[in-house]
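Novice: File name protein-v2.tsv; file contents TSV, C-alpha atoms; full text below.
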```tsv
chain	number	residue	atom	x	y	z
V	1	MET	CA	141.55	127.77	118.23
V	2	ILE	CA	139.03	127.39	115.41
V	3	ASN	CA	139.72	129.74	112.52
V	4	ASN	CA	137.50	128.25	109.82
V	5	LEU	CA	134.10	126.88	110.73
V	6	ARG	CA	132.17	125.18	107.90
V	7	LEU	CA	128.47	125.85	108.25
V	8	GLY	CA	127.27	125.63	104.64
V	9	GLU	CA	124.69	122.89	105.10
V	10	SER	CA	123.42	124.35	108.34
V	11	ILE	CA	122.95	127.84	106.95
V	12	LEU	CA	121.75	126.98	103.44
V	13	LEU	CA	119.53	123.97	104.16
V	14	GLY	CA	118.64	124.52	107.81
V	15	THR	CA	119.70	121.03	108.85
V	16	ASP	CA	122.30	119.63	111.21
V	17	PRO	CA	124.85	117.85	108.96
V	18	VAL	CA	125.53	115.15	111.55
V	19	SER	CA	122.00	114.16	112.55
V	20	GLY	CA	120.08	115.43	109.52
V	21	TYR	CA	117.45	117.03	111.78
V	22	ALA	CA	116.06	120.49	111.10
V	23	ILE	CA	117.57	123.36	113.07
V	24	GLY	CA	114.94	125.48	114.81
V	25	GLU	CA	114.02	128.80	113.17
V	26	LEU	CA	115.97	128.03	109.97
V	27	TYR	CA	114.29	127.36	106.64
V	28	THR	CA	114.64	123.82	105.31
V	29	ASP	CA	113.00	124.67	101.98
V	30	ALA	CA	115.19	127.54	100.78
V	31	PHE	CA	116.33	125.44	97.80
V	32	THR	CA	114.12	123.25	95.64
V	33	LEU	CA	115.01	121.21	92.58
V	34	TRP	CA	112.22	121.04	90.01
V	35	ALA	CA	112.61	118.14	87.58
V	36	GLU	CA	110.44	117.87	84.48
V	37	VAL	CA	108.49	114.63	84.08
V	38	ILE	CA	109.11	113.59	80.48
V	39	GLU	CA	107.31	110.24	80.46
V	40	THR	CA	104.93	108.31	82.70
V	41	LYS	CA	103.62	104.79	82.17
V	42	ALA	CA	101.61	102.36	84.26
V	43	LYS	CA	103.78	99.63	85.69
V	44	SER	CA	102.55	96.08	85.40
V	45	ASN	CA	101.53	94.75	88.79
V	46	PRO	CA	103.47	91.56	89.68
V	47	ASN	CA	101.15	90.86	92.63
V	48	PRO	CA	98.80	87.88	92.39
V	49	VAL	CA	95.23	88.30	91.22
V	50	ARG	CA	92.50	87.59	93.75
V	51	MET	CA	88.92	86.51	92.97
V	52	ASN	CA	86.47	88.30	95.25
V	53	TYR	CA	83.20	86.42	95.01
V	54	PRO	CA	82.55	82.71	95.66
V	55	ILE	CA	80.04	82.24	92.79
V	56	PRO	CA	82.00	81.81	89.52
V	57	SER	CA	79.54	83.77	87.36
V	58	MET	CA	79.83	86.79	89.66
V	59	GLN	CA	83.58	86.84	90.15
V	60	TYR	CA	85.60	89.89	89.32
V	61	VAL	CA	89.30	90.56	89.44
V	62	THR	CA	91.05	92.93	91.79
V	63	LEU	CA	94.77	93.51	91.97
V	64	ASP	CA	96.43	93.29	95.34
V	65	GLY	CA	98.50	96.29	96.26
V	66	PRO	CA	98.42	99.92	95.16
V	67	SER	CA	98.61	100.99	91.54
V	68	GLU	CA	102.09	102.04	90.49
V	69	THR	CA	103.48	104.09	87.67
V	70	ARG	CA	107.03	104.61	86.53
V	71	SER	CA	108.13	108.08	85.51
V	72	ILE	CA	111.22	109.47	83.83
V	73	LEU	CA	112.60	112.78	85.09
V	74	ALA	CA	114.69	115.07	82.91
V	75	ILE	CA	117.60	115.39	85.31
V	76	GLU	CA	120.71	113.27	85.33
V	77	LEU	CA	123.77	112.09	87.20
V	78	GLN	CA	125.80	114.96	85.79
V	79	ASP	CA	123.35	117.52	87.18
V	80	THR	CA	123.06	116.43	90.80
V	81	ASP	CA	123.93	113.82	93.42
V	82	VAL	CA	120.89	111.57	93.02
V	83	VAL	CA	121.64	109.67	96.23
V	84	ARG	CA	121.20	112.93	98.18
V	85	LEU	CA	117.81	113.87	96.69
V	86	VAL	CA	114.73	113.70	98.91
V	87	PHE	CA	111.71	112.59	96.91
V	88	PRO	CA	108.11	113.49	97.79
V	89	ALA	CA	105.91	111.05	99.70
V	90	GLY	CA	104.73	108.22	97.45
V	91	VAL	CA	107.74	108.54	95.12
V	92	THR	CA	110.54	105.97	95.16
V	93	PHE	CA	113.88	106.34	93.40
V	94	VAL	CA	114.57	103.43	91.01
V	95	VAL	CA	117.71	104.20	89.03
V	96	ALA	CA	119.60	107.08	87.44
V	97	THR	CA	121.47	107.20	84.15
V	98	SER	CA	123.64	109.84	82.57
V	99	ASP	CA	120.47	111.23	80.96
V	100	HIS	CA	117.51	110.62	83.30
V	101	ILE	CA	116.20	109.60	86.71
V	102	PHE	CA	113.58	106.85	86.92
V	103	VAL	CA	111.11	106.88	89.80
V	104	GLU	CA	108.08	104.84	90.84
V	105	THR	CA	105.01	106.58	92.13
V	106	THR	CA	102.27	104.97	94.16
V	107	ASP	CA	98.76	106.42	93.93
V	108	CYS	CA	100.11	109.82	92.85
V	109	PRO	CA	101.08	109.51	89.19
V	110	ALA	CA	103.10	112.34	87.77
V	111	ARG	CA	101.92	113.65	84.43
V	112	ALA	CA	104.20	113.97	81.44
V	113	GLY	CA	105.04	117.63	80.97
V	114	GLY	CA	104.59	118.33	84.67
V	115	GLU	CA	107.26	118.89	87.28
V	116	MET	CA	108.32	117.04	90.40
V	117	ASN	CA	109.47	119.00	93.43
V	118	LEU	CA	112.62	117.49	95.01
V	119	ARG	CA	114.42	118.53	98.17
V	120	MET	CA	118.19	118.29	98.24
V	121	LYS	CA	120.87	117.51	100.76
V	122	TYR	CA	124.11	119.46	100.62
V	123	SER	CA	126.03	117.47	98.00
V	124	ALA	CA	123.01	117.43	95.67
V	125	LEU	CA	122.63	121.19	96.14
V	126	SER	CA	126.30	121.94	95.44
V	127	ARG	CA	126.37	119.80	92.28
V	128	SER	CA	123.10	121.30	91.03
V	129	MET	CA	124.37	124.84	91.58
V	130	ALA	CA	127.56	124.03	89.67
V	131	ALA	CA	125.80	122.25	86.78
V	132	PRO	CA	125.59	124.51	83.71
V	133	ASP	CA	122.43	122.80	82.39
V	134	VAL	CA	120.41	123.39	85.58
V	135	ALA	CA	118.57	126.70	85.45
V	136	LYS	CA	118.81	128.75	88.64
V	137	VAL	CA	115.78	130.85	89.53
V	138	PHE	CA	116.07	133.27	92.43
V	139	ARG	CA	112.83	134.34	94.05
V	140	GLY	CA	112.75	137.45	96.12
V	141	ALA	CA	115.91	138.71	94.42
V	142	SER	CA	114.94	142.37	95.01
V	143	ALA	CA	114.79	141.76	98.77
V	144	LEU	CA	118.17	140.01	98.61
V	145	ALA	CA	119.67	142.89	96.59
V	146	GLU	CA	118.47	145.38	99.21
V	147	ILE	CA	120.09	143.37	102.01
V	148	ILE	CA	123.39	143.14	100.12
V	149	ALA	CA	123.36	146.86	99.30
V	150	ALA	CA	122.65	147.76	102.94
V	151	ASN	CA	125.58	145.63	104.14
V	152	ASN	CA	128.14	146.64	101.49
V	153	ASP	CA	129.42	149.60	103.50
V	154	ARG	CA	130.11	147.49	106.60
V	155	PRO	CA	133.69	146.27	106.97
V	156	TYR	CA	134.26	142.67	107.90
V	157	SER	CA	134.99	142.23	111.59
V	158	LYS	CA	137.86	140.05	112.70
```
Now that the file is in, can you turn its structure into structure tokens?

Specialist:
Amino acid sequence: MINNLRLGESILLGTDPVSGYAIGELYTDAFTLWAEVIETKAKSNPNPVRMNYPIPSMQYVTLDGPSETRSILAIELQDTDVVRLVFPAGVTFVVATSDHIFVETTDCPARAGGEMNLRMKYSALSRSMAAPDVAKVFRGASALAEIIAANNDRPYSK
């Protein structure tokens, strides 16, 4: 007999905790972590330089590979589980410290003062919700309040 079924990740994030796949008809974007970009700098390209034209007087330099920038996000190890964050396309996690997260972006530089939208897996969500320095913003709170008020008079079924 099962008397306590744990469905937190499935209900809150709309994903199967075993496979990580989305569960049909559930929202996978109910929670979003917005991290402020506090600094962005161009990263030096370690790729070799290639000369494009055979005549020396008409040669010009092109860098192989995409342009990359490194950005610092104002969120830290104490605020979330950085290993369980899902970064947008073109953004790669580099390292996290007790004060910041460092990411590399390819062809989509983040601007200082802007925000980066991050998705979270369950452990990142639970730590972010418990962190006192992470602001929680509830959208559609009036609709949620109406649902709670409508269900307050119903007794729990056993």

Novice: Using all atoms listed in the file, which residues sit within 8 Å of Ile72 in chain V once same-chain residues fewer than 2 positions away are excluded, as JSON, numbers by chain?

Specialist: {"V": [37, 38, 39, 40, 70, 74, 100, 101, 102, 103]}

Novice: Given the point (117.6, 127.6, 100.0) in the file's coordinates, find the residues that have an atom at most 12 Å from it, counting all atoms listed in the file, and give them as a list in words.

Specialist: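 Those residues, ordered by chain and then number, are Gly8, Glu9, Ser10, Ile11, Leu12, Leu13, Gly14, Thr15, Leu26, Tyr27, Thr28, Asp29, Ala30, Phe31, Thr32, Leu33, Arg119, Met120, Lys121, Tyr122, Leu125, Ser126, Met129, Lys136, Val137, Phe138, Arg139 and Gly140 of chain V.
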
Novice: Between V:Ser123, V:Thr106, V:Ser128, V:Thr97, which has the minimum distance to Leu77 in chain V (counting only C-alpha atoms)?

Specialist: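 Comparing V:Ser123, V:Thr106, V:Ser128, V:Thr97 against Leu77 in chain V, the winner is V:Thr97.
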
Novice: In Å, how far is it from CA of Ala42 in chain V to CA of Glu115 in chain V?

Specialist: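 One can read the CA of Ala42 in chain V to CA of Glu115 in chain V distance as 17.7 Å.
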
Novice: One number please: CA of Thr105 in chain V to CA of Ile75 in chain V, in Å, one decimal.

Specialist: 16.8 Å

Novice: Report the distance between CA of Glu104 in chain V and CA of Gly90 in chain V in Å, rounded to one decimal place.

Specialist: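 Taking CA of Glu104 in chain V as the start and CA of Gly90 in chain V as the end point, the length is 8.1 Å.
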